[in-house]
$ cat my_file_22.tsv   # TSV, C-alpha atoms
chain	number	residue	atom	x	y	z
F	26	MET	CA	60.42	-47.62	11.63
F	27	LYS	CA	58.60	-44.67	10.05
F	28	ASN	CA	60.80	-44.82	6.94
F	29	PHE	CA	60.21	-48.56	6.68
F	30	PHE	CA	56.44	-48.04	6.95
F	31	GLY	CA	56.53	-45.27	4.32
F	32	LYS	CA	58.54	-47.38	1.88
F	33	ARG	CA	56.18	-50.35	2.23
F	34	LEU	CA	53.16	-48.08	1.74
F	35	LEU	CA	54.63	-46.42	-1.37
F	36	LYS	CA	55.45	-49.82	-2.89
F	37	ASN	CA	51.73	-50.64	-2.81
F	38	LYS	CA	50.43	-49.39	-6.16
F	39	GLY	CA	46.80	-49.55	-5.01
F	40	ALA	CA	47.53	-47.42	-1.95
F	41	VAL	CA	49.43	-44.86	-4.04
F	42	ALA	CA	46.54	-44.68	-6.53
F	43	GLY	CA	44.14	-44.19	-3.62
F	44	MET	CA	46.26	-41.39	-2.16
F	45	VAL	CA	46.44	-39.66	-5.55
F	46	ILE	CA	42.64	-39.73	-5.93
F	47	ILE	CA	42.12	-38.55	-2.34
F	48	THR	CA	44.67	-35.73	-2.72
F	49	PHE	CA	43.05	-34.65	-5.98
F	50	SER	CA	39.61	-34.68	-4.30
F	51	VAL	CA	40.87	-32.62	-1.35
F	52	ILE	CA	42.33	-29.99	-3.70
F	53	ILE	CA	39.04	-29.83	-5.60
F	54	ALA	CA	37.09	-29.46	-2.35
F	55	LEU	CA	39.35	-26.67	-1.04
F	56	PHE	CA	39.22	-24.62	-4.26
F	57	ALA	CA	35.76	-25.74	-5.40
F	58	TYR	CA	34.30	-22.30	-6.08
F	59	SER	CA	37.44	-21.20	-7.90
F	60	ILE	CA	37.37	-24.29	-10.13
F	61	ALA	CA	33.62	-24.54	-10.81
F	62	SER	CA	32.17	-22.73	-13.79
F	63	ASP	CA	29.08	-21.91	-11.72
F	64	ASN	CA	30.52	-20.32	-8.59
F	65	THR	CA	27.20	-19.22	-7.11
F	66	PRO	CA	26.35	-20.59	-3.63
F	67	ASN	CA	25.77	-24.36	-3.96
F	68	ALA	CA	26.25	-24.03	-7.77
F	69	ASN	CA	22.54	-23.28	-7.89
F	70	ARG	CA	22.28	-21.05	-10.99
F	71	MET	CA	18.98	-22.21	-12.50
F	72	ILE	CA	18.37	-21.64	-16.21
F	73	PRO	CA	15.23	-23.72	-16.98
F	74	GLU	CA	15.50	-23.17	-20.76
F	75	ILE	CA	18.61	-25.37	-20.94
F	76	GLY	CA	17.42	-28.12	-18.58
F	77	SER	CA	18.47	-31.76	-19.08
F	78	LYS	CA	21.05	-31.11	-21.80
F	79	LYS	CA	23.61	-33.74	-22.75
F	80	PRO	CA	27.35	-33.53	-21.99
F	81	GLY	CA	29.18	-31.08	-24.25
F	82	PHE	CA	26.17	-28.79	-24.72
F	83	SER	CA	27.25	-25.24	-25.59
F	84	ILE	CA	25.22	-22.03	-25.89
F	85	GLN	CA	25.59	-18.25	-25.86
F	86	PHE	CA	24.36	-16.18	-22.89
F	87	LEU	CA	23.36	-12.53	-22.89
F	88	GLN	CA	24.57	-10.96	-19.62
F	89	ILE	CA	21.94	-8.60	-18.21
F	90	LYS	CA	22.61	-6.60	-15.07
F	91	LYS	CA	20.40	-7.21	-12.06
F	92	ASN	CA	18.54	-4.31	-10.44
F	93	ASN	CA	19.94	-5.25	-7.02
F	94	PRO	CA	23.56	-6.31	-7.48
F	95	ALA	CA	25.05	-8.67	-4.90
F	96	ALA	CA	26.96	-7.17	-1.99
F	97	ARG	CA	30.74	-7.40	-2.11
F	98	GLU	CA	32.22	-10.28	-0.19
F	99	SER	CA	35.74	-11.05	1.01
F	100	PHE	CA	37.92	-13.60	-0.75
F	101	LEU	CA	37.49	-16.02	2.17
F	102	GLU	CA	33.69	-15.71	2.07
F	103	LYS	CA	33.72	-16.30	-1.68
F	104	SER	CA	35.95	-19.36	-1.27
F	105	ILE	CA	33.67	-20.86	1.37
F	106	ASN	CA	30.19	-19.83	0.23
F	107	GLY	CA	30.54	-18.82	-3.41
F	108	ILE	CA	29.49	-15.56	-5.07
F	109	GLN	CA	25.93	-14.33	-5.58
F	110	ASP	CA	25.17	-13.59	-9.23
F	111	SER	CA	25.12	-9.90	-10.14
F	112	LEU	CA	24.02	-10.78	-13.68
F	113	THR	CA	21.11	-12.63	-15.26
F	114	TYR	CA	22.19	-15.15	-17.89
F	115	VAL	CA	19.75	-15.34	-20.81
F	116	PRO	CA	20.38	-18.14	-23.34
F	117	ILE	CA	20.28	-16.79	-26.89
F	118	THR	CA	20.86	-18.03	-30.43
F	119	ASN	CA	21.87	-14.68	-31.96
F	120	TYR	CA	21.67	-10.93	-31.42
F	121	THR	CA	22.00	-7.58	-33.20
F	122	ILE	CA	22.65	-4.07	-31.92
F	123	LYS	CA	20.49	-1.25	-33.24
F	124	GLY	CA	20.98	2.22	-31.89
F	125	GLY	CA	20.79	2.06	-28.10
F	126	SER	CA	19.14	-1.37	-28.00
F	127	ILE	CA	20.16	-4.97	-28.36
F	128	ILE	CA	17.71	-7.27	-30.13
F	129	TYR	CA	18.14	-10.97	-29.48
F	130	ASN	CA	16.49	-14.35	-30.00
F	131	LYS	CA	16.04	-15.97	-26.60
F	132	TYR	CA	16.55	-19.73	-26.64
F	133	VAL	CA	13.42	-21.45	-25.28
F	134	ASP	CA	13.93	-25.02	-26.53
F	135	ASP	CA	15.35	-26.81	-29.52
F	136	ASN	CA	14.19	-24.93	-32.64
F	137	ILE	CA	12.07	-22.58	-30.48
F	138	VAL	CA	13.14	-18.97	-29.90
F	139	GLU	CA	11.51	-15.82	-28.58
F	140	ARG	CA	12.45	-12.44	-30.03
F	141	LYS	CA	13.21	-9.79	-27.37
F	142	ALA	CA	15.01	-6.51	-26.90
F	143	THR	CA	16.67	-4.56	-24.09
F	144	ALA	CA	18.60	-1.33	-23.72
F	145	LEU	CA	22.37	-1.50	-24.10
F	146	GLN	CA	22.80	0.14	-20.71
F	147	ASN	CA	21.20	-2.92	-19.11
F	148	VAL	CA	23.80	-5.38	-20.36
F	149	SER	CA	27.25	-6.13	-19.04
F	150	ASN	CA	30.62	-6.11	-20.76
F	151	PRO	CA	31.16	-8.44	-22.56
F	152	ILE	CA	27.59	-8.45	-23.81
F	153	VAL	CA	27.57	-12.13	-24.73
F	154	ILE	CA	29.59	-15.09	-23.47
F	155	THR	CA	29.62	-18.73	-24.54
F	156	LYS	CA	29.42	-21.47	-21.94
F	157	LYS	CA	30.04	-25.16	-22.47
F	158	PHE	CA	28.53	-27.69	-20.09
F	159	TYR	CA	31.00	-30.56	-20.17
F	160	LEU	CA	28.76	-32.94	-18.20
F	161	GLY	CA	25.46	-31.43	-19.30
F	162	THR	CA	22.76	-29.81	-17.17
F	163	ASP	CA	20.12	-31.15	-14.79
F	164	LYS	CA	16.36	-30.61	-15.13
F	165	PHE	CA	16.66	-27.16	-13.57
F	166	GLY	CA	19.35	-26.08	-16.01
F	167	ARG	CA	22.19	-26.21	-13.45
F	168	ASP	CA	25.71	-27.17	-14.48
F	169	ILE	CA	26.28	-30.81	-13.48
F	170	LEU	CA	30.08	-30.48	-13.40
F	171	SER	CA	29.94	-27.49	-11.05
F	172	ARG	CA	27.54	-29.24	-8.68
F	173	LEU	CA	29.71	-32.35	-8.80
F	174	ILE	CA	32.75	-30.27	-7.81
F	175	ILE	CA	30.95	-28.50	-4.94
F	176	GLY	CA	29.47	-31.86	-3.84
F	177	THR	CA	33.02	-33.14	-3.24
F	178	ARG	CA	33.05	-30.96	-0.11
F	179	VAL	CA	30.01	-32.73	1.33
F	180	SER	CA	31.40	-36.23	0.80
F	181	LEU	CA	34.83	-35.43	2.23
F	182	SER	CA	33.34	-33.43	5.11
F	183	VAL	CA	30.93	-36.16	6.17
F	184	GLY	CA	33.73	-38.70	6.01
F	185	LEU	CA	36.11	-36.55	8.06
F	186	ILE	CA	33.64	-35.54	10.77
F	187	ALA	CA	32.12	-39.03	11.02
F	188	VAL	CA	35.59	-40.55	11.40
F	189	ILE	CA	36.57	-38.00	14.06
F	190	ILE	CA	33.40	-38.74	16.05
F	191	SER	CA	33.68	-42.51	15.64
F	192	ILE	CA	37.41	-42.62	16.43
F	193	THR	CA	37.00	-40.43	19.52
F	194	LEU	CA	34.11	-42.45	20.96
F	195	GLY	CA	35.55	-45.79	19.86
F	196	ILE	CA	39.00	-45.21	21.37
F	197	PHE	CA	37.58	-43.85	24.63
F	198	LEU	CA	35.07	-46.63	25.26
F	199	GLY	CA	37.21	-49.40	23.76
F	200	ALA	CA	40.21	-48.41	25.91
F	201	LEU	CA	38.08	-48.34	29.05
F	202	ALA	CA	36.57	-51.75	28.29
F	203	GLY	CA	39.89	-53.39	27.42
F	204	TYR	CA	41.89	-51.90	30.30
F	205	PHE	CA	39.54	-52.12	33.28
F	206	LYS	CA	37.55	-55.26	32.37
F	207	SER	CA	34.99	-56.36	35.07
F	208	TRP	CA	31.68	-54.44	35.06
F	209	VAL	CA	33.07	-51.61	32.90
F	210	ASP	CA	33.83	-54.08	30.11
F	211	ASP	CA	30.49	-55.85	30.56
F	212	THR	CA	28.52	-52.60	30.35
F	213	ILE	CA	30.34	-51.27	27.29
F	214	MET	CA	30.19	-54.62	25.50
F	215	TRP	CA	26.46	-54.84	26.22
F	216	LEU	CA	25.99	-51.41	24.61
F	217	ILE	CA	28.16	-52.44	21.66
F	218	ASN	CA	26.19	-55.65	21.12
F	219	VAL	CA	22.87	-53.80	21.25
F	220	LEU	CA	23.99	-51.26	18.67
F	221	TRP	CA	25.62	-54.02	16.61
F	222	SER	CA	22.25	-55.76	16.30
F	223	ILE	CA	20.59	-52.70	14.75
F	224	PRO	CA	21.06	-52.22	10.98
F	225	THR	CA	23.24	-49.18	10.29
F	226	LEU	CA	20.74	-47.34	8.09
F	227	LEU	CA	17.93	-47.96	10.57
F	228	LEU	CA	20.05	-46.53	13.37
F	229	VAL	CA	20.96	-43.51	11.23
F	230	PHE	CA	17.26	-42.97	10.48
F	231	ALA	CA	16.45	-42.96	14.18
F	232	ILE	CA	19.23	-40.48	15.02
F	233	THR	CA	18.27	-38.27	12.06
F	234	LEU	CA	14.65	-38.18	13.23
F	235	VAL	CA	15.85	-36.96	16.62
F	236	LEU	CA	18.38	-34.42	15.31
F	237	GLY	CA	16.39	-33.40	12.24
F	238	LYS	CA	17.33	-33.18	8.57
F	239	GLY	CA	20.29	-31.10	7.53
F	240	PHE	CA	23.97	-30.76	6.73
F	241	TRP	CA	25.51	-31.11	10.21
F	242	GLN	CA	22.88	-33.53	11.49
F	243	VAL	CA	23.90	-36.09	8.87
F	244	PHE	CA	27.55	-35.86	9.92
F	245	ILE	CA	26.71	-36.44	13.58
F	246	ALA	CA	24.24	-39.25	12.81
F	247	VAL	CA	26.74	-41.14	10.66
F	248	GLY	CA	29.55	-40.66	13.19
F	249	LEU	CA	27.43	-41.94	16.07
F	250	THR	CA	26.74	-45.19	14.22
F	251	MET	CA	30.33	-46.02	13.28
F	252	TRP	CA	32.15	-46.02	16.63
F	253	VAL	CA	31.18	-49.63	17.42
F	254	ASN	CA	33.74	-51.14	15.02
F	255	VAL	CA	36.45	-48.91	16.44
F	256	ALA	CA	35.56	-49.75	20.05
F	257	ARG	CA	35.68	-53.49	19.44
F	258	LEU	CA	39.04	-53.22	17.71
F	259	VAL	CA	40.56	-50.94	20.37
F	260	ARG	CA	39.29	-53.16	23.19
F	261	GLY	CA	41.03	-56.20	21.71
F	262	GLN	CA	44.26	-54.32	21.07
F	263	VAL	CA	44.32	-52.82	24.59
F	264	MET	CA	43.73	-56.25	26.17
F	265	GLN	CA	46.70	-57.56	24.20
F	266	VAL	CA	49.10	-54.67	24.85
F	267	LYS	CA	48.38	-54.29	28.56
F	268	THR	CA	49.85	-57.76	29.26
F	269	LEU	CA	53.26	-56.78	27.86
F	270	GLU	CA	56.22	-56.24	30.16
F	271	PHE	CA	56.67	-52.51	29.60
F	272	ILE	CA	53.08	-51.92	30.76
F	273	GLU	CA	53.75	-53.95	33.91
F	274	ALA	CA	56.80	-51.73	34.45
F	275	THR	CA	54.63	-48.62	34.34
F	276	HIS	CA	52.43	-50.11	37.07
F	277	ALA	CA	55.54	-50.79	39.16
F	278	LEU	CA	56.60	-47.15	38.72
F	279	GLY	CA	53.24	-46.03	40.09
F	280	TYR	CA	51.94	-44.31	36.95
F	281	SER	CA	48.22	-43.46	36.91
F	282	ASN	CA	45.81	-45.47	34.76
F	283	ALA	CA	45.10	-42.44	32.57
F	284	ARG	CA	48.81	-41.91	31.86
F	285	ILE	CA	49.34	-45.59	31.09
F	286	ILE	CA	46.43	-45.66	28.64
F	287	ILE	CA	47.15	-42.34	26.90
F	288	LYS	CA	50.94	-42.32	26.78
F	289	HIS	CA	51.89	-45.99	26.69
F	290	ILE	CA	49.03	-48.09	25.31
F	291	LEU	CA	47.28	-45.91	22.71
F	292	PRO	CA	50.45	-44.99	20.74
F	293	ASN	CA	51.07	-48.71	20.26
F	294	ILE	CA	47.65	-49.45	18.76
F	295	LEU	CA	47.35	-46.51	16.35
F	296	GLY	CA	48.24	-48.71	13.35
F	297	PRO	CA	45.04	-50.78	13.39
F	298	VAL	CA	43.03	-47.65	14.22
F	299	MET	CA	44.39	-45.92	11.08
F	300	VAL	CA	43.27	-48.87	8.97
F	301	ILE	CA	39.72	-48.89	10.33
F	302	ALA	CA	39.56	-45.08	10.05
F	303	ALA	CA	40.18	-45.33	6.29
F	304	SER	CA	37.49	-48.00	6.02
F	305	ASN	CA	35.03	-45.90	8.05
F	306	PHE	CA	35.75	-42.89	5.83
F	307	ALA	CA	34.61	-44.89	2.79
F	308	SER	CA	31.55	-46.24	4.62
F	309	ALA	CA	30.54	-42.73	5.74
F	310	ILE	CA	30.57	-41.48	2.14
F	311	VAL	CA	28.31	-44.33	1.03
F	312	ILE	CA	25.92	-43.86	3.99
F	313	GLU	CA	25.65	-40.10	3.39
F	314	ALA	CA	24.93	-40.69	-0.30
F	315	GLY	CA	22.25	-43.24	0.63
F	316	LEU	CA	20.63	-40.87	3.13
F	317	SER	CA	20.61	-38.00	0.63
F	318	PHE	CA	19.14	-40.30	-2.01
F	319	LEU	CA	16.33	-41.21	0.39
F	320	GLY	CA	15.69	-37.55	1.15
F	321	ILE	CA	16.77	-37.43	4.80
F	322	GLY	CA	20.36	-36.36	4.28
F	323	VAL	CA	21.69	-33.13	2.80
F	324	GLN	CA	18.78	-30.96	1.69
F	325	PRO	CA	18.38	-29.06	-1.61
F	326	PRO	CA	19.73	-26.86	-3.07
F	327	GLN	CA	23.01	-27.95	-1.45
F	328	PRO	CA	24.71	-30.37	-3.85
F	329	SER	CA	25.33	-33.90	-2.66
F	330	TRP	CA	26.27	-36.77	-4.91
F	331	GLY	CA	23.49	-38.93	-3.48
F	332	LEU	CA	20.97	-36.12	-3.92
F	333	MET	CA	22.12	-35.61	-7.52
F	334	ILE	CA	21.42	-39.29	-8.22
F	335	LYS	CA	17.97	-38.95	-6.66
F	336	GLU	CA	17.14	-35.88	-8.75
F	337	ASN	CA	18.26	-37.47	-12.02
F	338	TYR	CA	17.92	-41.27	-11.73
F	339	ASN	CA	14.84	-41.22	-13.99
F	340	PHE	CA	17.10	-40.20	-16.86
F	341	ILE	CA	19.06	-43.49	-16.69
F	342	ILE	CA	16.48	-45.21	-18.91
F	343	THR	CA	15.98	-42.18	-21.17
F	344	ASN	CA	18.28	-40.24	-23.46
F	345	ASN	CA	20.62	-38.73	-20.82
F	346	PRO	CA	21.87	-41.35	-18.33
F	347	MET	CA	25.04	-39.38	-17.48
F	348	LEU	CA	23.01	-37.07	-15.21
F	349	ALA	CA	22.77	-39.88	-12.66
F	350	LEU	CA	25.78	-41.99	-13.64
F	351	THR	CA	28.33	-39.18	-13.18
F	352	PRO	CA	27.78	-38.67	-9.41
F	353	GLY	CA	27.57	-42.45	-9.02
F	354	ILE	CA	30.99	-42.86	-10.65
F	355	ALA	CA	32.37	-40.09	-8.39
F	356	ILE	CA	31.12	-41.95	-5.28
F	357	MET	CA	32.61	-45.20	-6.57
F	358	LEU	CA	36.04	-43.66	-7.23
F	359	LEU	CA	36.30	-41.90	-3.86
F	360	VAL	CA	35.13	-44.95	-1.90
F	361	LEU	CA	37.52	-47.16	-3.88
F	362	ALA	CA	40.38	-44.75	-3.12
F	363	PHE	CA	39.83	-44.96	0.64
F	364	ASN	CA	39.47	-48.74	0.52
F	365	LEU	CA	42.72	-49.02	-1.46
F	366	LEU	CA	44.44	-46.76	1.07
F	367	GLY	CA	43.06	-48.83	3.94
F	368	ASN	CA	44.34	-52.04	2.36
F	369	GLY	CA	47.73	-50.41	1.79
F	370	LEU	CA	47.93	-49.29	5.42
F	371	ARG	CA	47.01	-52.79	6.57
F	372	ASP	CA	49.73	-54.38	4.46
F	373	ALA	CA	52.33	-51.77	5.41
F	374	LEU	CA	51.61	-52.17	9.12
F	375	ASN	CA	51.07	-55.92	8.79
F	376	VAL	CA	47.86	-55.53	10.77
F	377	LYS	CA	45.86	-58.68	11.46
F	378	SER	CA	42.81	-57.93	13.56
F	379	LYS	CA	39.43	-59.49	14.07
F	380	LEU	CA	36.51	-57.17	14.64

$ encode --input "my_file_22.tsv" --output "structure tokens"
Amino acid sequence: MKNFFGKRLLKNKGAVAGMVIITFSVIIALFAYSIASDNTPNANRMIPEIGSKKPGFSIQFLQIKKNNPAARESFLEKSINGIQDSLTYVPITNYTIKGGSIIYNKYVDDNIVERKATALQNVSNPIVITKKFYLGTDKFGRDILSRLIIGTRVSLSVGLIAVIISITLGIFLGALAGYFKSWVDDTIMWLINVLWSIPTLLLVFAITLVLGKGFWQVFIAVGLTMWVNVARLVRGQVMQVKTLEFIEATHALGYSNARIIIKHILPNILGPVMVIAASNFASAIVIEAGLSFLGIGVQPPQPSWGLMIKENYNFIITNNPMLALTPGIAIMLLVLAFNLLGNGLRDALNVKSKL
């Protein structure tokens, strides 16, 4: 059965494309600080002189040592949180070395430079490096590509945690409602209908106001609004499965209700749950991006694709639209990937459910 399911899933070109994009995104998220050119915490290296530059912009940087170098961190800490800069990056157009000093023209803006000098002992080795910003820089002079890479973690994390919360609550309440019926079903369905009547974003706003703004609060808020779909689906599936003969046999053998639900009913309804989990993953990414765009989601300087759109959407009608379009395209691709995977799972499992 598993081999049959796998073959059907792999024959679906859309599902395979979705899995490739998701796998690629997961790899990027896991090794984000190793991949990103700016591996400072949150890719937050601000260089105002090179703000709002177009994709492909390249410039030389003079590397000057900081008076208080960053403390050494373990490889794990660097992989999770990034590395504090121990150097100051000064954009320059050219430089010369005279005696024990280095004289350079600091880049201020196009065709504007400022002549400066510093002692050779203050600079690092190599003295000058060249950096290319493949997707340009934002208004603070931060590397857009690096922030896009680090922002992948936020989108995948909010999707994963929101799905875990929604699946846990949805399966628990949906199974209770579908199995026990009577007043248990009435109470849970009343709660579901109440929450169903409230627009998702409005409900997220209310939960966010209670929990506060922040990284983890967004995850919890999104997860608490998405369990309703799961509960309705699980309830219907449980009501259908519990009438089958093998469930009646478990009653005759004297098994407890908890054992019947956990060991005999839930394993037989995991197919539809997998499909809705993929759909909820995509929805969570969109909701988080919307919340961050509105300013009540992930807070600066932590990179979020929705926050990046908010910070740069004014440039869409000016000379650098890619500042806002790039994170928008990233959201579109990741959401599309999960929707394609969900459709592939549905076709492979031949799931036909009504929410």

$ atom_distance --input "my_file_22.tsv" --atom1 "CA of Ile213 in chain F" --atom2 "CA of Phe197 in chain F"
10.7 Å

$ residues_around --input "my_file_22.tsv" --residues "Gln146 in chain F" --least-positions-apart "4" --cutoff "9 Å" --atoms "all atoms listed in the file" --output "ChimeraX atom specification"
/F:90,125-126

$ closest_atom_pairs --input "my_file_22.tsv" --of "range 37-151 of chain F" --to "range 168-181 of chain F" --cutoff "10 Å" --atoms "all atoms listed in the file" --output "tab-separated table"
residue	atom	partner	partner_atom	distance
F:Ile47	CA	F:Leu181	CA	9.2
F:Ser50	CA	F:Thr177	CA	6.9
F:Val51	CA	F:Leu181	CA	7.6
F:Ile52	CA	F:Thr177	CA	9.8
F:Ile53	CA	F:Ile174	CA	6.7
F:Ala54	CA	F:Arg178	CA	4.9
F:Leu55	CA	F:Arg178	CA	7.7
F:Phe56	CA	F:Ile175	CA	9.2
F:Ala57	CA	F:Ile175	CA	5.6
F:Tyr58	CA	F:Ile175	CA	7.1
F:Ile60	CA	F:Ile174	CA	7.9
F:Ala61	CA	F:Ser171	CA	4.7
F:Ser62	CA	F:Ser171	CA	5.9
F:Asp63	CA	F:Ser171	CA	5.7
F:Asn64	CA	F:Ser171	CA	7.6
F:Thr65	CA	F:Ser171	CA	9.6
F:Pro66	CA	F:Ile175	CA	9.2
F:Asn67	CA	F:Ile175	CA	6.7
F:Ala68	CA	F:Arg172	CA	5.4
F:Asn69	CA	F:Arg172	CA	7.8
F:Arg70	CA	F:Asp168	CA	7.8
F:Met71	CA	F:Asp168	CA	8.6
F:Ile72	CA	F:Asp168	CA	9.4
F:Ile75	CA	F:Asp168	CA	9.8
F:Gly76	CA	F:Asp168	CA	9.3
F:Ser77	CA	F:Ile169	CA	9.7
F:Lys78	CA	F:Asp168	CA	9.5
F:Pro80	CA	F:Ile169	CA	9.0
F:Gly107	CA	F:Ile175	CA	9.8

$ atom_distance --input "my_file_22.tsv" --atom1 "CA of Asn130 in chain F" --atom2 "CA of Ala144 in chain F"
14.6 Å

$ atom_distance --input "my_file_22.tsv" --atom1 "CA of Ile117 in chain F" --atom2 "CA of Gln85 in chain F"
5.6 Å

$ closest_residue --input "my_file_22.tsv" --among "F:Asn119, F:Ser59, F:Asn218, F:Ser149" --to "Glu102 in chain F" --atoms "all atoms listed in the file"
F:Ser59

$ closest_residue --input "my_file_22.tsv" --among "F:Met333, F:Asn92, F:Ile245, F:Ile272" --to "Leu185 in chain F" --atoms "all atoms listed in the file"
F:Ile245

$ closest_residue --input "my_file_22.tsv" --among "F:Val148, F:Leu278, F:Thr343, F:Ser317" --to "Leu226 in chain F" --atoms "all atoms listed in the file"
F:Ser317

$ residues_around --input "my_file_22.tsv" --residues "Ala40 in chain F" --least-positions-apart "3" --cutoff "9 Å" --atoms "all atoms listed in the file" --output "PDB file with C-alpha atoms, in the coordinates of the input"
ATOM      1  CA  LEU F  34      53.160 -48.080   1.740  1.00  0.00           C
ATOM      2  CA  LEU F  35      54.630 -46.420  -1.370  1.00  0.00           C
ATOM      3  CA  LYS F  36      55.450 -49.820  -2.890  1.00  0.00           C
ATOM      4  CA  ASN F  37      51.730 -50.640  -2.810  1.00  0.00           C
ATOM      5  CA  GLY F  43      44.140 -44.190  -3.620  1.00  0.00           C
ATOM      6  CA  MET F  44      46.260 -41.390  -2.160  1.00  0.00           C
ATOM      7  CA  VAL F  45      46.440 -39.660  -5.550  1.00  0.00           C
ATOM      8  CA  ALA F 362      40.380 -44.750  -3.120  1.00  0.00           C
ATOM      9  CA  PHE F 363      39.830 -44.960   0.640  1.00  0.00           C
ATOM     10  CA  ASN F 364      39.470 -48.740   0.520  1.00  0.00           C
ATOM     11  CA  LEU F 365      42.720 -49.020  -1.460  1.00  0.00           C
ATOM     12  CA  LEU F 366      44.440 -46.760   1.070  1.00  0.00           C
ATOM     13  CA  GLY F 367      43.060 -48.830   3.940  1.00  0.00           C
ATOM     14  CA  ASN F 368      44.340 -52.040   2.360  1.00  0.00           C
ATOM     15  CA  GLY F 369      47.730 -50.410   1.790  1.00  0.00           C
ATOM     16  CA  LEU F 370      47.930 -49.290   5.420  1.00  0.00           C
TER      17      LEU F 370
END

$ closest_residue --input "my_file_22.tsv" --among "F:Leu101, F:Val243, F:Leu295, F:Ala283" --to "Val266 in chain F" --atoms "all atoms listed in the file"
F:Leu295

$ closest_residue --input "my_file_22.tsv" --among "F:Gly203, F:Arg284, F:Ile217, F:Glu313" --to "Val259 in chain F" --atoms "only C-alpha atoms"
F:Gly203

$ closest_residue --input "my_file_22.tsv" --among "F:Phe165, F:Leu374, F:Met251, F:Leu87" --to "Ser308 in chain F" --atoms "all atoms listed in the file"
F:Met251

$ residues_around --input "my_file_22.tsv" --residues "Arg260 in chain F" --least-positions-apart "4" --cutoff "9 Å" --atoms "only C-alpha atoms" --output "PDB file with C-alpha atoms, in the coordinates of the input"
ATOM      1  CA  GLY F 195      35.550 -45.790  19.860  1.00  0.00           C
ATOM      2  CA  ILE F 196      39.000 -45.210  21.370  1.00  0.00           C
ATOM      3  CA  LEU F 198      35.070 -46.630  25.260  1.00  0.00           C
ATOM      4  CA  GLY F 199      37.210 -49.400  23.760  1.00  0.00           C
ATOM      5  CA  ALA F 200      40.210 -48.410  25.910  1.00  0.00           C
ATOM      6  CA  LEU F 201      38.080 -48.340  29.050  1.00  0.00           C
ATOM      7  CA  ALA F 202      36.570 -51.750  28.290  1.00  0.00           C
ATOM      8  CA  GLY F 203      39.890 -53.390  27.420  1.00  0.00           C
ATOM      9  CA  TYR F 204      41.890 -51.900  30.300  1.00  0.00           C
ATOM     10  CA  ASP F 210      33.830 -54.080  30.110  1.00  0.00           C
ATOM     11  CA  VAL F 255      36.450 -48.910  16.440  1.00  0.00           C
ATOM     12  CA  ALA F 256      35.560 -49.750  20.050  1.00  0.00           C
ATOM     13  CA  MET F 264      43.730 -56.250  26.170  1.00  0.00           C
ATOM     14  CA  GLN F 265      46.700 -57.560  24.200  1.00  0.00           C
TER      15      GLN F 265
END

$ residues_around --input "my_file_22.tsv" --residues "Ile190 in chain F" --least-positions-apart "2" --cutoff "9 Å" --atoms "all atoms listed in the file" --output "list of chain:residue names"
F:Leu185, F:Ile186, F:Ala187, F:Val188, F:Ile192, F:Thr193, F:Leu194, F:Gly195, F:Phe244, F:Ile245, F:Val247, F:Gly248, F:Leu249, F:Met251, F:Trp252

$ axis_aligned_box --input "my_file_22.tsv" --around "range 189-206 of chain F" --padding-each-side "3 Å" --output "AutoDock Vina command-line options"
--center_x 37.6 --center_y -46.6 --center_z 23.7 --size_x 14.5 --size_y 23.3 --size_z 25.2

$ residues_near_point --input "my_file_22.tsv" --point "(25.9, -47.3, 13.3)" --cutoff "10 Å" --atoms "all atoms listed in the file" --output "number ranges by chain"
F: 191, 220-229, 232, 246-254, 309, 312

$ decode --input "my_file_22.tsv" --residues "range 181-189 of chain F" --atoms "N, CA and C atoms" --output "tab-separated table (two decimals), in the first residue's frame"
chain	number	residue	atom	x	y	z
F	181	LEU	N	9.06	28.96	7.08
F	181	LEU	CA	8.95	27.53	7.32
F	181	LEU	C	8.63	27.24	8.79
F	182	SER	N	9.20	28.02	9.69
F	182	SER	CA	8.94	27.81	11.12
F	182	SER	C	7.49	28.10	11.48
F	183	VAL	N	6.96	29.20	10.96
F	183	VAL	CA	5.57	29.54	11.29
F	183	VAL	C	4.63	28.50	10.70
F	184	GLY	N	4.95	28.00	9.51
F	184	GLY	CA	4.12	26.95	8.92
F	184	GLY	C	4.16	25.68	9.73
F	185	LEU	N	5.37	25.26	10.14
F	185	LEU	CA	5.52	24.02	10.90
F	185	LEU	C	4.83	24.09	12.25
F	186	ILE	N	5.10	25.15	13.01
F	186	ILE	CA	4.53	25.24	14.36
F	186	ILE	C	3.02	25.43	14.29
F	187	ALA	N	2.54	26.25	13.35
F	187	ALA	CA	1.10	26.45	13.20
F	187	ALA	C	0.40	25.14	12.84
F	188	VAL	N	1.02	24.35	11.96
F	188	VAL	CA	0.42	23.07	11.58
F	188	VAL	C	0.42	22.10	12.75
F	189	ILE	N	1.51	22.07	13.53
F	189	ILE	CA	1.55	21.18	14.70
F	189	ILE	C	0.44	21.54	15.69
